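Peer 1: The file below is entry_15.txt, compact mmCIF, C-alpha atoms and all ligand atoms:
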```txt
# COMPACT_ATOMS: atom_id res chain seq x y z
CA MET O 1 -8.31 28.44 15.27
CA LYS O 2 -9.91 25.04 15.71
CA GLN O 3 -7.58 22.48 17.25
CA TYR O 4 -7.53 18.77 16.40
CA TYR O 5 -5.86 16.18 18.58
CA LEU O 6 -4.81 13.21 16.45
CA ASP O 7 -2.03 11.69 18.51
CA TYR O 8 -3.87 9.16 20.66
CA ASN O 9 -1.09 6.60 20.35
CA ALA O 10 1.19 9.04 22.18
CA THR O 11 -1.36 9.60 24.90
CA CYS O 12 -5.11 9.84 25.30
CA PRO O 13 -6.71 12.61 27.38
CA GLN O 14 -7.65 11.28 30.80
CA LEU O 15 -11.38 10.52 30.99
CA SER O 16 -13.32 12.67 33.43
CA GLU O 17 -14.83 9.59 35.12
CA VAL O 18 -11.28 8.33 35.73
CA THR O 19 -10.34 11.65 37.33
CA GLU O 20 -13.42 11.45 39.56
CA VAL O 21 -12.58 7.94 40.73
CA MET O 22 -8.97 8.94 41.41
CA HIS O 23 -10.05 12.05 43.31
CA ASP O 24 -12.40 10.02 45.43
CA VAL O 25 -9.81 7.34 46.19
CA ALA O 26 -7.12 9.91 46.96
CA ASN O 27 -9.47 11.54 49.45
CA THR O 28 -10.99 8.50 51.09
CA ALA O 29 -8.24 5.88 50.85
CA PHE O 30 -5.25 8.04 51.60
CA GLY O 31 -3.42 5.59 53.85
CA ASN O 32 -0.32 3.63 53.00
CA PRO O 33 -1.54 0.18 51.87
CA SER O 34 1.23 -1.41 53.95
CA SER O 35 0.03 0.23 57.18
CA LEU O 36 -1.80 -2.02 59.60
CA HIS O 37 -4.38 0.55 60.81
CA TRP O 38 -7.82 1.37 59.36
CA ALA O 39 -6.44 3.95 56.90
CA GLY O 40 -3.95 1.43 55.55
CA ARG O 41 -6.65 -1.21 55.28
CA ASN O 42 -8.89 1.18 53.32
CA ALA O 43 -6.11 1.85 50.85
CA ARG O 44 -5.22 -1.86 50.61
CA ARG O 45 -8.86 -2.67 49.80
CA LYS O 46 -8.91 -0.14 46.95
CA LEU O 47 -5.62 -1.47 45.61
CA ASP O 48 -6.86 -5.06 45.78
CA ASP O 49 -10.09 -4.06 44.01
CA ALA O 50 -8.14 -2.39 41.22
CA ARG O 51 -5.91 -5.45 40.85
CA GLU O 52 -8.97 -7.74 40.72
CA SER O 53 -10.61 -5.59 38.04
CA LEU O 54 -7.53 -5.54 35.83
CA ALA O 55 -6.99 -9.28 36.31
CA GLU O 56 -10.60 -10.03 35.45
CA TYR O 57 -10.45 -7.80 32.36
CA LEU O 58 -7.29 -9.52 31.15
CA LYS O 59 -8.45 -13.03 32.18
CA VAL O 60 -5.56 -13.76 34.54
CA GLU O 61 -5.34 -14.37 38.26
CA SER O 62 -4.92 -11.23 40.33
CA GLY O 63 -1.66 -12.43 41.90
CA SER O 64 0.04 -12.14 38.52
CA VAL O 65 -0.59 -8.37 38.26
CA VAL O 66 2.23 -6.05 39.35
CA PHE O 67 1.41 -2.35 39.28
CA THR O 68 4.17 -0.14 37.83
CA SER O 69 4.68 3.44 36.71
CA GLY O 70 3.89 2.61 33.07
CA GLY O 71 4.96 0.74 29.97
CA THR O 72 8.57 1.89 30.14
CA GLU O 73 9.05 0.59 33.65
CA SER O 74 7.26 -2.70 32.93
CA ASN O 75 9.45 -3.25 29.87
CA ASN O 76 12.62 -2.41 31.81
CA MET O 77 11.54 -4.74 34.60
CA VAL O 78 11.42 -7.71 32.26
CA ILE O 79 14.55 -7.02 30.22
CA GLN O 80 16.73 -5.97 33.13
CA GLY O 81 15.18 -8.58 35.41
CA VAL O 82 15.93 -11.42 33.00
CA MET O 83 19.42 -10.14 32.14
CA ALA O 84 20.27 -9.71 35.82
CA SER O 85 19.12 -13.25 36.62
CA SER O 86 21.82 -15.09 34.60
CA VAL O 87 25.47 -14.44 33.89
CA SER O 88 24.97 -14.94 30.17
CA GLY O 89 22.29 -15.63 27.62
CA HIS O 90 20.65 -14.55 24.39
CA ILE O 91 17.51 -12.55 23.65
CA VAL O 92 15.45 -12.60 20.46
CA LEU O 93 13.45 -9.48 19.80
CA SER O 94 11.83 -7.74 16.88
CA ALA O 95 13.59 -4.73 15.38
CA ILE O 96 10.36 -2.74 15.70
CA GLU O 97 9.99 -2.92 19.48
CA HIS O 98 9.50 0.29 21.46
CA PRO O 99 12.76 2.00 22.55
CA ALA O 100 11.93 1.02 26.14
CA ILE O 101 12.78 -2.52 25.05
CA LEU O 102 15.28 -2.02 22.24
CA GLN O 103 17.44 0.44 24.11
CA THR O 104 17.30 -1.48 27.38
CA VAL O 105 18.56 -4.60 25.61
CA GLU O 106 21.28 -2.60 23.80
CA VAL O 107 22.46 -0.83 26.97
CA TRP O 108 22.50 -3.97 29.08
CA ALA O 109 24.20 -6.08 26.42
CA LYS O 110 26.93 -3.43 26.23
CA ARG O 111 27.30 -3.53 29.98
CA TYR O 112 27.26 -7.34 30.12
CA PRO O 113 28.95 -8.57 26.92
CA SER O 114 28.26 -12.21 27.83
CA TRP O 115 24.68 -11.41 26.81
CA THR O 116 23.89 -11.30 23.09
CA TYR O 117 20.75 -10.54 21.16
CA THR O 118 19.25 -10.95 17.70
CA LEU O 119 16.98 -8.38 16.09
CA VAL O 120 14.39 -9.82 13.73
CA LYS O 121 13.18 -7.57 10.94
CA PRO O 122 9.58 -7.40 9.72
CA ASP O 123 8.40 -7.64 6.13
CA LYS O 124 8.19 -4.45 4.08
CA ASP O 125 4.76 -3.70 5.56
CA GLY O 126 5.81 -4.04 9.17
CA LYS O 127 4.78 -7.54 10.21
CA ILE O 128 7.13 -10.06 11.79
CA ASP O 129 7.03 -13.58 10.40
CA ALA O 130 6.60 -16.00 13.32
CA THR O 131 8.75 -18.74 11.74
CA THR O 132 11.62 -16.33 10.98
CA PHE O 133 11.34 -14.95 14.50
CA MET O 134 11.56 -18.37 16.12
CA ALA O 135 14.39 -19.41 13.81
CA ALA O 136 16.50 -16.70 15.47
CA CYS O 137 16.31 -18.55 18.82
CA LYS O 138 19.44 -20.33 19.96
CA GLU O 139 20.37 -22.93 22.57
CA ASP O 140 20.95 -20.23 25.17
CA THR O 141 17.96 -18.00 24.35
CA LYS O 142 16.50 -16.88 27.66
CA LEU O 143 13.83 -14.48 26.41
CA ALA O 144 11.82 -13.77 23.26
CA CYS O 145 10.14 -10.33 22.92
CA LEU O 146 7.49 -9.40 20.44
CA MET O 147 5.10 -6.48 20.79
CA TRP O 148 1.39 -7.11 20.25
CA ALA O 149 0.74 -4.02 18.13
CA ASN O 150 3.27 -1.53 16.82
CA ASN O 151 2.92 2.05 18.05
CA GLU O 152 3.91 3.65 14.71
CA THR O 153 2.20 1.53 12.06
CA GLY O 154 -0.42 -0.14 14.27
CA VAL O 155 0.44 -3.52 12.66
CA VAL O 156 -0.68 -6.45 14.82
CA GLN O 157 2.08 -9.01 15.34
CA PRO O 158 1.74 -12.83 15.41
CA VAL O 159 2.03 -13.12 19.18
CA PHE O 160 -0.21 -16.20 19.44
CA GLU O 161 1.93 -18.25 17.05
CA VAL O 162 5.14 -17.15 18.72
CA SER O 163 3.72 -17.90 22.17
CA GLN O 164 2.87 -21.47 21.16
CA THR O 165 6.31 -22.15 19.69
CA CYS O 166 8.04 -20.58 22.69
CA LYS O 167 6.12 -23.01 24.88
CA VAL O 168 7.38 -25.97 22.86
CA LYS O 169 10.95 -24.66 22.96
CA ASN O 170 10.67 -23.71 26.62
CA ILE O 171 11.64 -20.08 26.02
CA PRO O 172 10.04 -17.38 28.19
CA PHE O 173 7.92 -15.07 26.01
CA PHE O 174 7.41 -11.36 26.67
CA VAL O 175 4.75 -9.25 24.95
CA ASP O 176 4.56 -5.45 25.06
CA ALA O 177 0.79 -4.94 24.94
CA VAL O 178 0.84 -1.18 25.53
CA GLN O 179 -0.73 -0.36 22.15
CA ALA O 180 -3.00 -3.38 22.16
CA LEU O 181 -4.98 -2.73 25.33
CA GLY O 182 -8.32 -1.14 24.52
CA LYS O 183 -7.72 -1.39 20.78
CA PHE O 184 -8.94 -5.00 20.48
CA GLU O 185 -9.60 -7.92 22.80
CA VAL O 186 -6.60 -8.66 25.00
CA ASP O 187 -7.21 -12.13 26.41
CA LEU O 188 -4.14 -13.24 28.32
CA MET O 189 -5.55 -16.67 29.07
CA ALA O 190 -5.63 -17.33 25.32
CA LEU O 191 -2.25 -15.70 24.72
CA ASP O 192 -0.50 -17.60 27.48
CA ALA O 193 2.66 -15.44 27.45
CA ASP O 194 5.04 -15.29 30.41
CA PHE O 195 5.29 -11.51 30.74
CA VAL O 196 2.94 -8.84 29.35
CA SER O 197 3.36 -5.09 29.83
CA PHE O 198 0.66 -2.40 29.93
CA SER O 199 0.22 1.34 30.29
CA ALA O 200 -2.91 3.19 31.45
CA HIS O 201 -2.53 6.53 29.68
CA LYS O 202 -2.90 5.24 26.13
CA ILE O 203 -6.60 4.61 26.71
CA GLY O 204 -7.69 7.51 28.91
CA GLY O 205 -6.26 6.31 32.21
CA PRO O 206 -3.72 8.19 34.33
CA ARG O 207 -0.19 8.92 33.09
CA GLY O 208 2.55 7.27 35.14
CA MET O 209 0.50 4.13 35.76
CA GLY O 210 1.01 0.71 34.24
CA ALA O 211 1.24 -2.96 34.97
CA LEU O 212 3.27 -6.03 34.31
CA VAL O 213 1.46 -9.34 34.24
CA MET O 214 3.81 -12.22 34.97
CA LYS O 215 2.97 -15.88 35.19
CA ARG O 216 2.85 -17.53 38.60
CA GLY O 217 6.13 -19.09 39.61
CA LEU O 218 8.28 -16.90 37.38
CA LYS O 219 10.96 -14.89 39.10
CA LEU O 220 12.63 -11.69 37.96
CA GLU O 221 15.51 -9.91 39.60
CA SER O 222 13.70 -6.78 40.93
CA LEU O 223 14.45 -3.33 39.51
CA MET O 224 13.12 -1.60 42.60
CA VAL O 225 14.34 -2.91 45.90
CA GLY O 226 13.21 -1.63 49.25
CA GLY O 227 9.95 -2.13 51.10
CA GLY O 228 9.04 -5.33 49.26
CA GLN O 229 5.68 -4.11 47.97
CA GLU O 230 3.91 -5.96 45.17
CA ARG O 231 5.07 -9.25 46.67
CA GLY O 232 8.67 -8.14 46.48
CA ARG O 233 8.45 -7.66 42.72
CA ARG O 234 8.32 -3.84 42.76
CA SER O 235 9.18 -1.96 45.92
CA GLY O 236 7.77 1.50 46.57
CA THR O 237 4.56 2.73 48.16
CA GLU O 238 1.80 1.88 45.73
CA ASN O 239 -0.06 4.52 43.69
CA VAL O 240 -3.52 3.56 44.91
CA ALA O 241 -5.42 6.35 43.16
CA GLY O 242 -3.51 5.58 39.95
CA ALA O 243 -4.37 1.89 40.18
CA ALA O 244 -8.04 2.75 40.78
CA GLY O 245 -7.93 5.09 37.77
CA PHE O 246 -6.41 2.33 35.63
CA ALA O 247 -9.16 -0.09 36.68
CA ALA O 248 -11.83 2.55 36.03
CA VAL O 249 -10.79 3.12 32.41
CA LEU O 250 -10.97 -0.53 31.34
CA GLY O 251 -13.62 -1.13 28.73
CA LYS O 252 -14.62 2.56 28.63
CA LEU O 253 -13.32 3.31 25.12
CA ASP O 254 -13.92 1.04 22.16
CA TYR O 255 -11.26 1.84 19.61
CA SER O 256 -12.18 -1.13 17.42
CA LYS O 257 -15.00 0.94 15.89
CA LEU O 258 -12.51 3.35 14.33
CA THR O 259 -11.58 1.10 11.41
CA ASP O 260 -14.15 2.71 9.11
CA LEU O 261 -12.88 6.19 9.95
CA ARG O 262 -9.26 5.20 9.37
CA ASP O 263 -10.14 3.56 6.05
CA TYR O 264 -12.20 6.60 5.03
CA PHE O 265 -9.23 8.85 5.81
CA GLU O 266 -6.82 6.69 3.80
CA VAL O 267 -9.10 6.51 0.74
CA LYS O 268 -9.54 10.30 0.83
CA LEU O 269 -5.81 10.83 1.32
CA LYS O 270 -4.99 8.78 -1.77
CA GLN O 271 -7.61 10.68 -3.77
CA ALA O 272 -6.31 14.07 -2.65
CA ILE O 273 -2.60 13.25 -2.77
CA PRO O 274 -2.17 10.21 -5.06
CA LYS O 275 1.55 9.89 -4.41
CA ALA O 276 1.01 9.55 -0.64
CA GLN O 277 2.31 6.17 0.55
CA LEU O 278 0.68 4.18 3.33
CA PHE O 279 2.66 1.95 5.67
CA GLY O 280 1.41 -1.34 7.07
CA ALA O 281 -1.91 -1.11 5.25
CA THR O 282 -1.81 -4.68 3.92
CA HIS O 283 -1.87 -6.15 7.44
CA ALA O 284 -4.36 -6.13 10.30
CA ARG O 285 -3.73 -2.93 12.26
CA THR O 286 -5.03 -1.19 15.33
CA ALA O 287 -8.18 0.53 14.11
CA ASN O 288 -7.17 4.08 14.96
CA THR O 289 -3.68 4.20 13.40
CA SER O 290 -2.55 5.41 9.99
CA MET O 291 1.06 5.97 9.02
CA PHE O 292 2.01 7.46 5.70
CA CYS O 293 4.45 9.72 3.90
CA ILE O 294 4.15 12.29 1.18
CA PRO O 295 7.29 11.84 -0.93
CA GLY O 296 9.36 15.01 -1.12
CA LEU O 297 8.06 16.40 2.18
CA GLU O 298 10.08 15.91 5.32
CA GLY O 299 8.01 14.50 8.19
CA GLU O 300 9.22 16.94 10.82
CA THR O 301 8.49 19.98 8.64
CA LEU O 302 5.08 18.58 7.79
CA LEU O 303 4.38 18.00 11.46
CA MET O 304 5.34 21.55 12.42
CA GLN O 305 3.30 23.05 9.61
CA MET O 306 0.31 20.93 10.61
CA ASP O 307 0.78 22.07 14.19
CA LEU O 308 0.63 25.71 13.07
CA MET O 309 -2.77 24.89 11.60
CA GLY O 310 -3.97 23.29 14.84
CA PHE O 311 -3.39 19.60 14.04
CA ALA O 312 -1.52 17.52 16.61
CA VAL O 313 -0.04 14.57 14.70
CA ALA O 314 3.20 12.61 15.12
CA SER O 315 6.17 11.87 12.93
CA GLY O 316 7.89 8.51 13.08
CA SER O 317 11.29 10.06 13.54
CA ALA O 318 12.73 10.40 17.01
CA CYS O 319 14.89 13.03 18.60
CA SER O 320 18.20 11.68 19.83
CA SER O 321 20.99 13.91 21.19
CA GLY O 322 19.43 16.91 19.47
CA LYS O 323 19.47 15.15 16.07
CA ARG O 324 16.41 13.92 14.23
CA GLU O 325 16.72 10.19 13.70
CA PRO O 326 14.67 8.40 11.05
CA SER O 327 11.95 6.03 12.24
CA HIS O 328 13.63 2.78 13.34
CA VAL O 329 10.40 0.97 12.47
CA LEU O 330 10.41 2.14 8.86
CA LEU O 331 14.13 1.49 8.51
CA ALA O 332 13.58 -2.07 9.77
CA MET O 333 10.82 -2.40 7.18
CA GLY O 334 13.43 -1.64 4.54
CA ALA O 335 12.28 1.92 3.78
CA PRO O 336 15.02 4.20 2.47
CA ASP O 337 16.37 6.77 4.91
CA VAL O 338 14.60 9.66 3.20
CA GLN O 339 11.24 7.86 3.49
CA ALA O 340 11.91 6.93 7.11
CA ARG O 341 12.34 10.64 7.80
CA SER O 342 9.20 11.70 6.01
CA SER O 343 6.54 9.67 7.77
CA LEU O 344 3.55 11.06 9.60
CA ARG O 345 1.40 9.12 12.05
CA VAL O 346 -2.23 9.94 12.64
CA SER O 347 -3.92 8.16 15.53
CA PHE O 348 -7.61 8.89 15.91
CA GLY O 349 -9.55 8.89 19.16
CA VAL O 350 -12.97 7.52 20.02
CA GLY O 351 -15.52 10.17 19.03
CA ASP O 352 -13.62 11.41 15.98
CA ASP O 353 -15.68 11.42 12.80
CA GLU O 354 -15.39 11.92 9.04
CA ALA O 355 -15.44 15.70 9.48
CA VAL O 356 -12.17 15.39 11.40
CA ALA O 357 -10.65 13.26 8.62
CA ASP O 358 -11.86 15.77 5.99
CA ALA O 359 -10.34 18.68 7.91
CA LEU O 360 -7.08 16.77 8.17
CA ILE O 361 -6.95 16.17 4.41
CA THR O 362 -7.66 19.85 3.75
CA GLY O 363 -4.85 20.74 6.18
CA LEU O 364 -2.42 18.34 4.50
CA LEU O 365 -3.21 19.74 1.05
CA LYS O 366 -2.69 23.30 2.27
CA VAL O 367 0.62 22.42 3.88
CA GLN O 368 1.75 20.51 0.82
CA ASN O 369 1.03 23.53 -1.41
CA ARG O 370 2.66 25.94 1.02
CA LEU O 371 5.82 23.85 1.28
CA ARG O 372 5.99 23.49 -2.49
CA GLN O 373 5.72 27.26 -2.91
CA MET O 374 8.41 27.79 -0.27
CA SER O 375 10.75 25.42 -2.09
CA GLY O 376 10.07 27.23 -5.37
CA ARG O 377 8.28 24.31 -6.95
CA GLY O 378 4.93 26.03 -6.68
C1 LIG V 401 4.47 -0.05 22.40
C2 LIG V 401 4.83 0.84 23.55
N1 LIG V 401 5.50 0.32 24.59
C3 LIG V 401 5.84 1.07 25.66
C4 LIG V 401 5.52 2.40 25.73
C5 LIG V 401 5.90 3.19 26.94
O1 LIG V 401 4.78 3.40 27.76
P1 LIG V 401 4.77 4.56 28.87
O2 LIG V 401 4.54 5.85 28.16
O3 LIG V 401 3.64 4.19 29.79
O4 LIG V 401 6.08 4.52 29.57
C6 LIG V 401 4.82 3.00 24.66
C7 LIG V 401 4.50 4.44 24.67
O5 LIG V 401 4.50 5.10 23.66
C8 LIG V 401 4.47 2.20 23.54
O6 LIG V 401 3.80 2.70 22.51
```
Once more with this new file: its structure as structure tokens, please.

Peer 2:
Amino acid sequence: MKQYYLDYNATCPQLSEVTEVMHDVANTAFGNPSSLHWAGRNARRKLDDARESLAEYLKVESGSVVFTSGGTESNNMVIQGVMASSVSGHIVLSAIEHPAILQTVEVWAKRYPSWTYTLVKPDKDGKIDATTFMAACKEDTKLACLMWANNETGVVQPVFEVSQTCKVKNIPFFVDAVQALGKFEVDLMALDADFVSFSAHKIGGPRGMGALVMKRGLKLESLMVGGGQERGRRSGTENVAGAAGFAAVLGKLDYSKLTDLRDYFEVKLKQAIPKAQLFGATHARTANTSMFCIPGLEGETLLMQMDLMGFAVASGSACSSGKREPSHVLLAMGAPDVQARSSLRVSFGVGDDEAVADALITGLLKVQNRLRQMSGRG
């Protein structure tokens, strides 16, 4: 059976050139970058090079780059770091943030009830309105969080507008750019946010590698305390090979060219299954992402049936305590519970072509017919 991988927003296979770079660095720069001898200096050089490359790519100064274990850690660093820095305060965040932000805010606000937060909902197609978002700020707002691109719908959020208003109101602004990196130009000089989080594995870099870019002069209470690495911002011996792998993947994959393929897929989907509903399609989206539902078919069942036919796709619903939860993104968009449980996300990879989209449509039609027969509606 032919297999199709269409879940690049979950993770992207590591590029072979990245593996080669990491292998080479692991073998030749094996020292601890904090050690004062030649082996330590070799490792330090590789780490510094990786930091320079990432900084140059993002148009920031290298001192603002903190290497982390990925998007989840970077997001936790900011939320927990800000909430640990003051006795009380308020956070404004969108209701469609990744759980690494939403749940961290929820858990910490429960632990420290003097902290409050406001969730801002998007429009019915998944985009946050910048004015509504900023209107949720209060006197004591100490952080505003808005992701650059949503992982489920791909919808690009108005981070530039929010950044400018945050500046005027003197509110630190945090952007989760995990799904933005590699999908379109990520120019941090233009964005001018205070904190921006990244992950390497979404674009063919190593898993367990990420970064937080934080503006000079800003201080966060550290999550990781110990050896004082990363200028005291993230203790722990640095993952030098991982950092080199992250640097090596930058600019290697150009996802922006996938718009035509995604649009082709969506046109064909509507022709084949007219009642299929697309999410986020009226807004600018990451080029590789399509989220939709086929009314009457449960997303999880659809996903499993597609898997049996060799298609790796994602559903928007999440597993929590053994229960399937509807997509929080679709719920925030105002979709009814049944729709929020029936969504499917396809995220294409660089190199996919129309033949892949055609095969996917054929697979969806087969599964739809099979499920109808099973439910006696055949
Ligand atoms: C928007 C967003 N933020 C954060 C993360 C977490 O990144 P990581 O897997 O590197 O922890 C993800 C991963 O799916 C994501 O899509």

Peer 1: Got a sec: who's within 8 Å of Ser69 of chain O, counting only C-alpha atoms, leaving out chain neighbours fewer than 4 positions off, as a ChimeraX atom specification?

Peer 2: /O:73-74,208-211

Peer 1: As a quick test: using all atoms listed in the file, which residues lie no more than 6 Å away from ligand LIG 401 (chain V)? Give them as a list in words.

Peer 2: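 Checked against 6 Å with all atoms listed in the file; the hits are Ala10, Gly70, Gly71, Thr72, His98, Asn150, Asn151, Asp176, Val178, Gln179 and Ser199 of chain O.
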
Peer 1: Any idea what's packed within 12 Å of Glu17 of chain O, counting only C-alpha atoms, ignoring anything in its chain fewer than 4 positions away? Could you give it as an NGL selection string?

Peer 2: :O and (13 or 21-24 or 204-206 or 244-250 or 252-253)

Peer 1: Can you pull out every residue within 10 Å of Ala109 of chain O, counting all atoms listed in the file, but drop anything in the same chain fewer than 4 positions away, and send it as a PyMOL selection string?

Peer 2: chain O and resi 83+88-91+103-105+113-117

Peer 1: Find the residues near Ala136 of chain O: any atom within 8 Å, counting all atoms listed in the file, skip ones fewer than 2 places away on the same chain, and give them as a compact mmCIF listing (two decimals) with C-alpha atoms, in the frame of the given file.

Peer 2:
```
# COMPACT_ATOMS: atom_id res chain seq x y z
CA VAL O 92 15.45 -12.60 20.46
CA THR O 118 19.25 -10.95 17.70
CA VAL O 120 14.39 -9.82 13.73
CA THR O 132 11.62 -16.33 10.98
CA PHE O 133 11.34 -14.95 14.50
CA MET O 134 11.56 -18.37 16.12
CA LYS O 138 19.44 -20.33 19.96
```

Peer 1: Considering only C-alpha atoms, tabulate each residue of segment 159-273 of chain O that lies at most 10 Å from segment 331-352 of chain O along with its nearest interatomic pair and the corresponding distance in Å to one decimal; arrange the rows by chain and ascending residue number and present them as a Markdown table.

Peer 2:
```
| residue | atom | partner | partner_atom | distance |
| --- | --- | --- | --- | --- |
| O:Ile203 | CA | O:Gly349 | CA | 9.2 |
| O:Leu253 | CA | O:Val350 | CA | 6.6 |
| O:Asp254 | CA | O:Val350 | CA | 6.9 |
| O:Tyr255 | CA | O:Val350 | CA | 5.9 |
| O:Ser256 | CA | O:Val350 | CA | 9.1 |
| O:Lys257 | CA | O:Val350 | CA | 8.0 |
| O:Leu258 | CA | O:Val350 | CA | 7.1 |
| O:Thr259 | CA | O:Phe348 | CA | 9.8 |
| O:Leu261 | CA | O:Asp352 | CA | 8.0 |
| O:Arg262 | CA | O:Phe348 | CA | 7.7 |
| O:Phe265 | CA | O:Val346 | CA | 9.8 |
```

Peer 1: Counting only C-alpha atoms, which residues sit no farther than 12 Å from the position (7.2, -8.8, 30.8) in the file's frame? I'd like them as number ranges by chain.

Peer 2: O: 64-66, 68, 71-82, 100-101, 143-147, 172-178, 193-198, 210-215, 218-220

Peer 1: Which distance in Å separates atom CA of Leu119 of chain O and atom CA of Ala95 of chain O, to one decimal?

Peer 2: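 Taking atom CA of Leu119 of chain O as the start and atom CA of Ala95 of chain O as the end point, the length is 5.0 Å.
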
Peer 1: Segment 369-378 of chain O, all listed atoms, 4 Å padding on each side: what axis-aligned box centre and edge lengths in Å to one decimal come out, as AutoDock Vina command-line options?

Peer 2:
```
--center_x 5.9 --center_y 25.6 --center_z -2.8 --size_x 17.7 --size_y 12.3 --size_z 16.2
```

Peer 1: Skip segment 312-315 of chain O itself and residues of its chain fewer than 2 positions away, then list as a ChimeraX atom specification all residues within 7 Å of it, counting all atoms listed in the file.

Peer 2: /O:4-7,299-300,303,307,310,317,343-346

Peer 1: Keeping only C-alpha atoms, take the residues you just selected and write them out as a compact mmCIF listing (two decimals), keeping the file's coordinate frame.

Peer 2:
```txt
# COMPACT_ATOMS: atom_id res chain seq x y z
CA TYR O 4 -7.53 18.77 16.40
CA TYR O 5 -5.86 16.18 18.58
CA LEU O 6 -4.81 13.21 16.45
CA ASP O 7 -2.03 11.69 18.51
CA GLY O 299 8.01 14.50 8.19
CA GLU O 300 9.22 16.94 10.82
CA LEU O 303 4.38 18.00 11.46
CA ASP O 307 0.78 22.07 14.19
CA GLY O 310 -3.97 23.29 14.84
CA SER O 317 11.29 10.06 13.54
CA SER O 343 6.54 9.67 7.77
CA LEU O 344 3.55 11.06 9.60
CA ARG O 345 1.40 9.12 12.05
CA VAL O 346 -2.23 9.94 12.64
```

Peer 1: Using Å and a single decimal, report how far atom CA of Thr237 of chain O sits from atom CA of Glu221 of chain O.

Peer 2: 18.8 Å

Peer 1: From the set O:Ile273, O:Met291, O:Leu297, O:Met306, which residue has the shortest atom-to-atom contact distance to Ser375 of chain O, counting all atoms listed in the file?

Peer 2: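 Selected residue with least distance to Ser375 of chain O: O:Leu297.
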
Peer 1: So how far away is atom CA of Tyr57 of chain O from atom CA of Pro33 of chain O, in Å?

Peer 2: 22.9 Å

Peer 1: I need the residue nearest Tyr264 of chain O from this list: O:Ala200, O:Leu191, O:Ala355, O:Ala50. Use all atoms listed in the file for the distance.

Peer 2: O:Ala355
